>>> print(open('start09.txt').read())   # compact mmCIF, C-alpha atoms
# COMPACT_ATOMS: atom_id res chain seq x y z
CA MET P 8 -17.53 2.87 13.25
CA ASN P 9 -14.45 5.08 13.43
CA PHE P 10 -12.78 7.01 10.62
CA LEU P 11 -10.21 4.32 9.84
CA ALA P 12 -12.86 1.60 9.60
CA TRP P 13 -14.79 3.77 7.14
CA LEU P 14 -11.58 4.39 5.21
CA ILE P 15 -11.09 0.63 4.80
CA VAL P 16 -14.66 0.31 3.46
CA ILE P 17 -14.13 3.30 1.17
CA SER P 18 -10.82 1.80 0.01
CA GLU P 19 -12.50 -1.46 -0.99
CA ILE P 20 -15.29 0.41 -2.79
CA GLY P 21 -12.71 2.67 -4.45
CA PHE P 22 -10.72 -0.37 -5.60
CA TRP P 23 -13.76 -1.79 -7.38
CA VAL P 24 -14.85 1.60 -8.74
CA LEU P 25 -11.41 2.08 -10.31
CA ILE P 26 -11.54 -1.41 -11.80
CA LEU P 27 -15.04 -0.86 -13.22
CA ALA P 28 -14.07 2.59 -14.52
CA GLY P 29 -10.97 1.06 -16.10
CA PHE P 30 -13.01 -1.62 -17.86
CA ILE P 31 -15.71 0.79 -19.03
CA THR P 32 -13.06 3.21 -20.32
CA ARG P 33 -11.16 0.39 -22.01
CA TYR P 34 -14.06 -1.50 -23.58
CA PHE P 35 -16.93 0.96 -24.08
CA PHE P 36 -14.95 4.11 -24.90
CA LYS P 37 -11.97 2.29 -26.52
CA LEU P 38 -9.52 4.41 -24.49
CA LYS P 39 -7.06 1.65 -23.65
CA LYS P 40 -4.34 3.88 -22.16
CA LEU P 41 -6.75 5.72 -19.87
CA GLY P 42 -8.29 2.39 -18.86
CA LEU P 43 -4.82 1.06 -18.02
CA ILE P 44 -4.04 4.18 -15.99
CA LEU P 45 -7.25 3.73 -13.98
CA LEU P 46 -6.48 0.05 -13.36
CA ALA P 47 -2.85 0.79 -12.48
CA SER P 48 -3.87 3.49 -9.99
CA THR P 49 -5.50 1.04 -7.57
CA PRO P 50 -2.34 0.89 -5.36
CA VAL P 51 -2.76 4.63 -4.66
CA ILE P 52 -5.75 3.65 -2.51
CA ASP P 53 -3.47 1.36 -0.48
CA LEU P 54 -0.95 4.16 -0.03
CA ILE P 55 -3.65 6.51 1.30
CA LEU P 56 -4.83 3.84 3.75
CA LEU P 57 -1.26 3.13 4.90
CA VAL P 58 -0.56 6.81 5.52
CA ALA P 59 -3.86 7.29 7.40
CA THR P 60 -3.19 4.23 9.59
CA SER P 61 0.37 5.31 10.36
CA VAL P 62 -0.60 8.89 11.15
CA ASP P 63 -3.44 7.76 13.41
CA LEU P 64 -1.11 5.56 15.45
CA TYR P 65 1.73 8.08 15.42
CA ARG P 66 -0.60 10.71 16.90
CA GLY P 67 -1.18 8.54 19.95
CA SER P 68 -4.05 6.19 19.17
CA ILE P 69 -4.00 2.78 20.76
CA ALA P 70 -3.90 0.14 18.04
CA THR P 71 -7.22 -1.60 17.44
CA GLN P 72 -8.41 -4.42 15.25
CA VAL P 73 -9.14 -1.80 12.58
CA HIS P 74 -5.46 -0.82 12.39
CA ALA P 75 -4.48 -4.48 12.00
CA ILE P 76 -7.16 -5.09 9.38
CA ALA P 77 -5.90 -2.05 7.45
CA ALA P 78 -2.42 -3.62 7.29
CA ILE P 79 -3.84 -6.98 6.23
CA TYR P 80 -6.05 -5.29 3.62
CA ILE P 81 -3.05 -3.49 2.13
CA GLY P 82 -1.02 -6.71 1.95
CA VAL P 83 -3.86 -8.64 0.34
CA SER P 84 -4.68 -5.81 -2.04
CA ILE P 85 -1.11 -5.49 -3.27
CA SER P 86 -0.49 -9.24 -3.49
CA PHE P 87 -3.79 -10.26 -5.07
CA GLY P 88 -4.65 -7.01 -6.87
CA LYS P 89 -3.32 -7.92 -10.31
CA SER P 90 -4.90 -11.38 -10.29
CA ILE P 91 -8.22 -9.95 -9.05
CA ILE P 92 -8.18 -7.45 -11.92
CA LYS P 93 -7.38 -10.24 -14.39
CA TRP P 94 -10.18 -12.41 -12.93
CA ALA P 95 -12.66 -9.52 -13.16
CA ASP P 96 -11.49 -8.62 -16.68
CA VAL P 97 -12.26 -12.09 -18.04
CA ARG P 98 -15.74 -11.98 -16.50
CA PHE P 99 -16.41 -8.40 -17.63
CA GLN P 100 -15.47 -9.30 -21.20
CA TYR P 101 -17.62 -12.43 -21.23
CA TYR P 102 -20.70 -11.39 -19.24
CA VAL P 103 -20.89 -7.66 -20.01
CA MET P 104 -19.20 -7.25 -23.40
CA LYS P 105 -20.37 -10.67 -24.69
CA GLN P 106 -16.92 -11.40 -26.10
CA GLY P 107 -13.98 -13.56 -25.17
CA PRO P 108 -13.94 -17.07 -23.74
CA LYS P 109 -16.28 -18.20 -21.00
CA PRO P 110 -14.52 -18.26 -17.61
CA VAL P 111 -13.30 -21.77 -16.92
CA LYS P 112 -13.74 -23.54 -13.59
CA GLN P 113 -10.73 -25.57 -12.58
CA PHE P 114 -10.71 -29.06 -11.13
CA GLY P 115 -8.21 -31.74 -10.20
CA LEU P 116 -4.51 -31.02 -10.63
CA ASP P 117 -5.18 -27.69 -12.39
CA TYR P 118 -7.17 -26.47 -9.39
CA ALA P 119 -4.52 -27.73 -6.96
CA LYS P 120 -1.77 -25.86 -8.85
CA HIS P 121 -3.92 -22.73 -8.99
CA TYR P 122 -4.63 -22.92 -5.25
CA LEU P 123 -0.94 -23.42 -4.49
CA LYS P 124 -0.12 -20.33 -6.57
CA SER P 125 -2.82 -18.49 -4.61
CA TRP P 126 -1.16 -19.65 -1.39
CA GLY P 127 2.08 -18.12 -2.70
CA GLN P 128 0.18 -14.85 -3.12
CA HIS P 129 -1.07 -15.28 0.45
CA VAL P 130 2.56 -15.60 1.59
CA LEU P 131 3.40 -12.37 -0.26
CA ALA P 132 0.36 -10.66 1.31
CA TYR P 133 1.57 -11.91 4.69
CA ILE P 134 5.07 -10.57 4.12
CA ILE P 135 3.71 -7.15 3.11
CA GLY P 136 1.04 -6.99 5.83
CA ALA P 137 3.33 -8.36 8.54
CA GLY P 138 5.99 -5.88 7.42
CA ILE P 139 3.50 -3.06 7.89
CA LEU P 140 2.42 -4.43 11.28
CA PHE P 141 6.05 -4.79 12.41
CA GLY P 142 6.75 -1.29 11.09
CA LEU P 143 3.83 0.14 13.05
CA ILE P 144 4.90 -1.73 16.19
CA TYR P 145 8.45 -0.39 15.76
CA LEU P 146 7.22 3.14 14.99
CA ILE P 147 4.99 3.28 18.08
CA ASN P 148 7.56 1.49 20.29
CA ASP P 149 5.03 0.92 23.07
CA SER P 150 3.84 -2.64 23.49
CA SER P 151 0.84 -1.56 25.54
CA ARG P 152 -0.43 0.41 22.51
CA THR P 153 0.39 -2.23 19.88
CA GLU P 154 -0.68 -5.45 21.61
CA VAL P 155 -3.56 -5.96 19.16
CA LEU P 156 -1.18 -5.76 16.19
CA SER P 157 1.01 -8.51 17.67
CA GLY P 158 -2.07 -10.64 18.32
CA PHE P 159 -3.19 -10.30 14.69
CA LEU P 160 0.28 -11.37 13.53
CA LYS P 161 -0.01 -14.56 15.57
CA VAL P 162 -3.48 -15.35 14.24
CA TRP P 163 -2.50 -14.57 10.65
CA THR P 164 0.51 -16.87 10.95
CA ILE P 165 -1.83 -19.71 11.99
CA VAL P 166 -4.22 -18.88 9.12
CA LEU P 167 -1.31 -18.98 6.67
CA GLY P 168 -0.35 -22.42 7.97
CA ILE P 169 -3.93 -23.68 7.65
CA ASP P 170 -4.07 -22.32 4.11
CA LEU P 171 -0.90 -24.31 3.28
CA VAL P 172 -2.51 -27.49 4.63
CA ILE P 173 -5.55 -26.82 2.42
CA ALA P 174 -3.27 -26.19 -0.58
CA ILE P 175 -1.48 -29.49 -0.02
CA SER P 176 -4.75 -31.35 0.56
CA ASN P 177 -5.90 -30.29 -2.91
CA PHE P 178 -3.14 -32.47 -4.35
CA ILE P 179 -4.13 -35.41 -2.13
CA TRP P 180 -7.91 -35.06 -2.53
CA PRO P 181 -8.39 -33.15 -5.79
CA LYS P 182 -11.46 -31.00 -6.33
CA ARG P 183 -13.88 -32.84 -8.61
CA GLU P 184 -16.41 -31.50 -11.04
CA LYS P 185 -19.96 -31.79 -9.75
CA GLY P 186 -22.34 -34.04 -11.64
>>> encode(input="start09.txt", output="structure tokens")
Amino acid sequence: MNFLAWLIVISEIGFWVLILAGFITRYFFKLKKLGLILLASTPVIDLILLVATSVDLYRGSIATQVHAIAAIYIGVSISFGKSIIKWADVRFQYYVMKQGPKPVKQFGLDYAKHYLKSWGQHVLAYIIGAGILFGLIYLINDSSRTEVLSGFLKVWTIVLGIDLVIAISNFIWPKREKG
């Protein structure tokens, strides 16, 4: 695995380490401001990954799947980051701190609305990630070196469309509670 692939793995681990450190600081040590700072610093990881990806390509590397995944990761991280932190916070409070309401599973129309909102976040992730991919393609200005990035854009566009179909299907065939 090359440096950039490891950096993506380290970025994901760093994201969760910052979240866990933020929760521990907030709930165990009662340092709410420091906890908020740790949670709010998660986008710094994305910035480091973006710079590393750009520099690698600018220095002459041929774009690989790893470069495309880095752009997608950044888009998803920025778009879904706040809701992931909120999701994890509810579970940390309930399962670790033994306080707060039990996390609720959604069904029916509530689930369909939630999934549609999630699809909206997917659109935002797509806009951010595709913007990065287009920026990298423009920066490199050599289609033979950025072919993989263009291919990922095409696939991601199809995935976004499939996700919309799934979102709509949740209104037609609502998710039901088991049992």
>>> closest_residue(input="start09.txt", among="P:Gln100, P:Thr71, P:Ser84, P:Asn177", to="P:Leu56", atoms="only C-alpha atoms")
P:Ser84
>>> closest_residue(input="start09.txt", among="P:Ile139, P:Ile44, P:Val130, P:Ile91", to="P:Val166", atoms="all atoms listed in the file")
P:Val130
>>> residues_around(input="start09.txt", residues="P:Ser18", least_positions_apart="6", cutoff="9 Å", atoms="all atoms listed in the file", output="mmCIF file with C-alpha atoms, keeping the file's coordinate frame")
data_model
loop_
_atom_site.group_PDB
_atom_site.id
_atom_site.type_symbol
_atom_site.label_atom_id
_atom_site.label_comp_id
_atom_site.auth_asym_id
_atom_site.auth_seq_id
_atom_site.Cartn_x
_atom_site.Cartn_y
_atom_site.Cartn_z
ATOM 1 C CA ILE P 52 -5.750 3.650 -2.510
ATOM 2 C CA ASP P 53 -3.470 1.360 -0.480
ATOM 3 C CA ILE P 55 -3.650 6.510 1.300
ATOM 4 C CA LEU P 56 -4.830 3.840 3.750
#
>>> atom_distance(input="start09.txt", atom1="atom CA of P:Arg66", atom2="atom CA of P:Tyr145")
14.4 Å
>>> residues_around(input="start09.txt", residues="P:Ile175", least_positions_apart="6", cutoff="9 Å", atoms="all atoms listed in the file", output="VMD selection string")
chain P and resid 119 122 to 123
>>> closest_residue(input="start09.txt", among="P:Leu11, P:Val51, P:Leu25, P:Leu43", to="P:Ala77", atoms="all atoms listed in the file")
P:Leu11
>>> atom_distance(input="start09.txt", atom1="atom CA of P:Lys124", atom2="atom CA of P:Thr164")
17.9 Å
>>> closest_residue(input="start09.txt", among="P:Ile147, P:Ala137, P:Ile26, P:Ile81", to="P:Val62", atoms="all atoms listed in the file")
P:Ile147
>>> atom_distance(input="start09.txt", atom1="atom CA of P:Lys120", atom2="atom CA of P:Ala132")
18.4 Å
>>> residues_around(input="start09.txt", residues="P:Gly168", least_positions_apart="3", cutoff="12 Å", atoms="only C-alpha atoms", output="list in words")
Trp126, Gly127, His129, Val130, Tyr133, Lys161, Val162, Trp163, Thr164, Ile165, Leu171, Val172, Ile173, Ala174 and Ile175 of chain P
>>> residues_around(input="start09.txt", residues="P:Leu41", least_positions_apart="4", cutoff="9 Å", atoms="only C-alpha atoms", output="MDAnalysis selection string")
chainID P and resid 29 32:33 45:46
>>> closest_residue(input="start09.txt", among="P:Ser48, P:Leu57, P:Arg152, P:Phe30", to="P:Val97", atoms="all atoms listed in the file")
P:Phe30
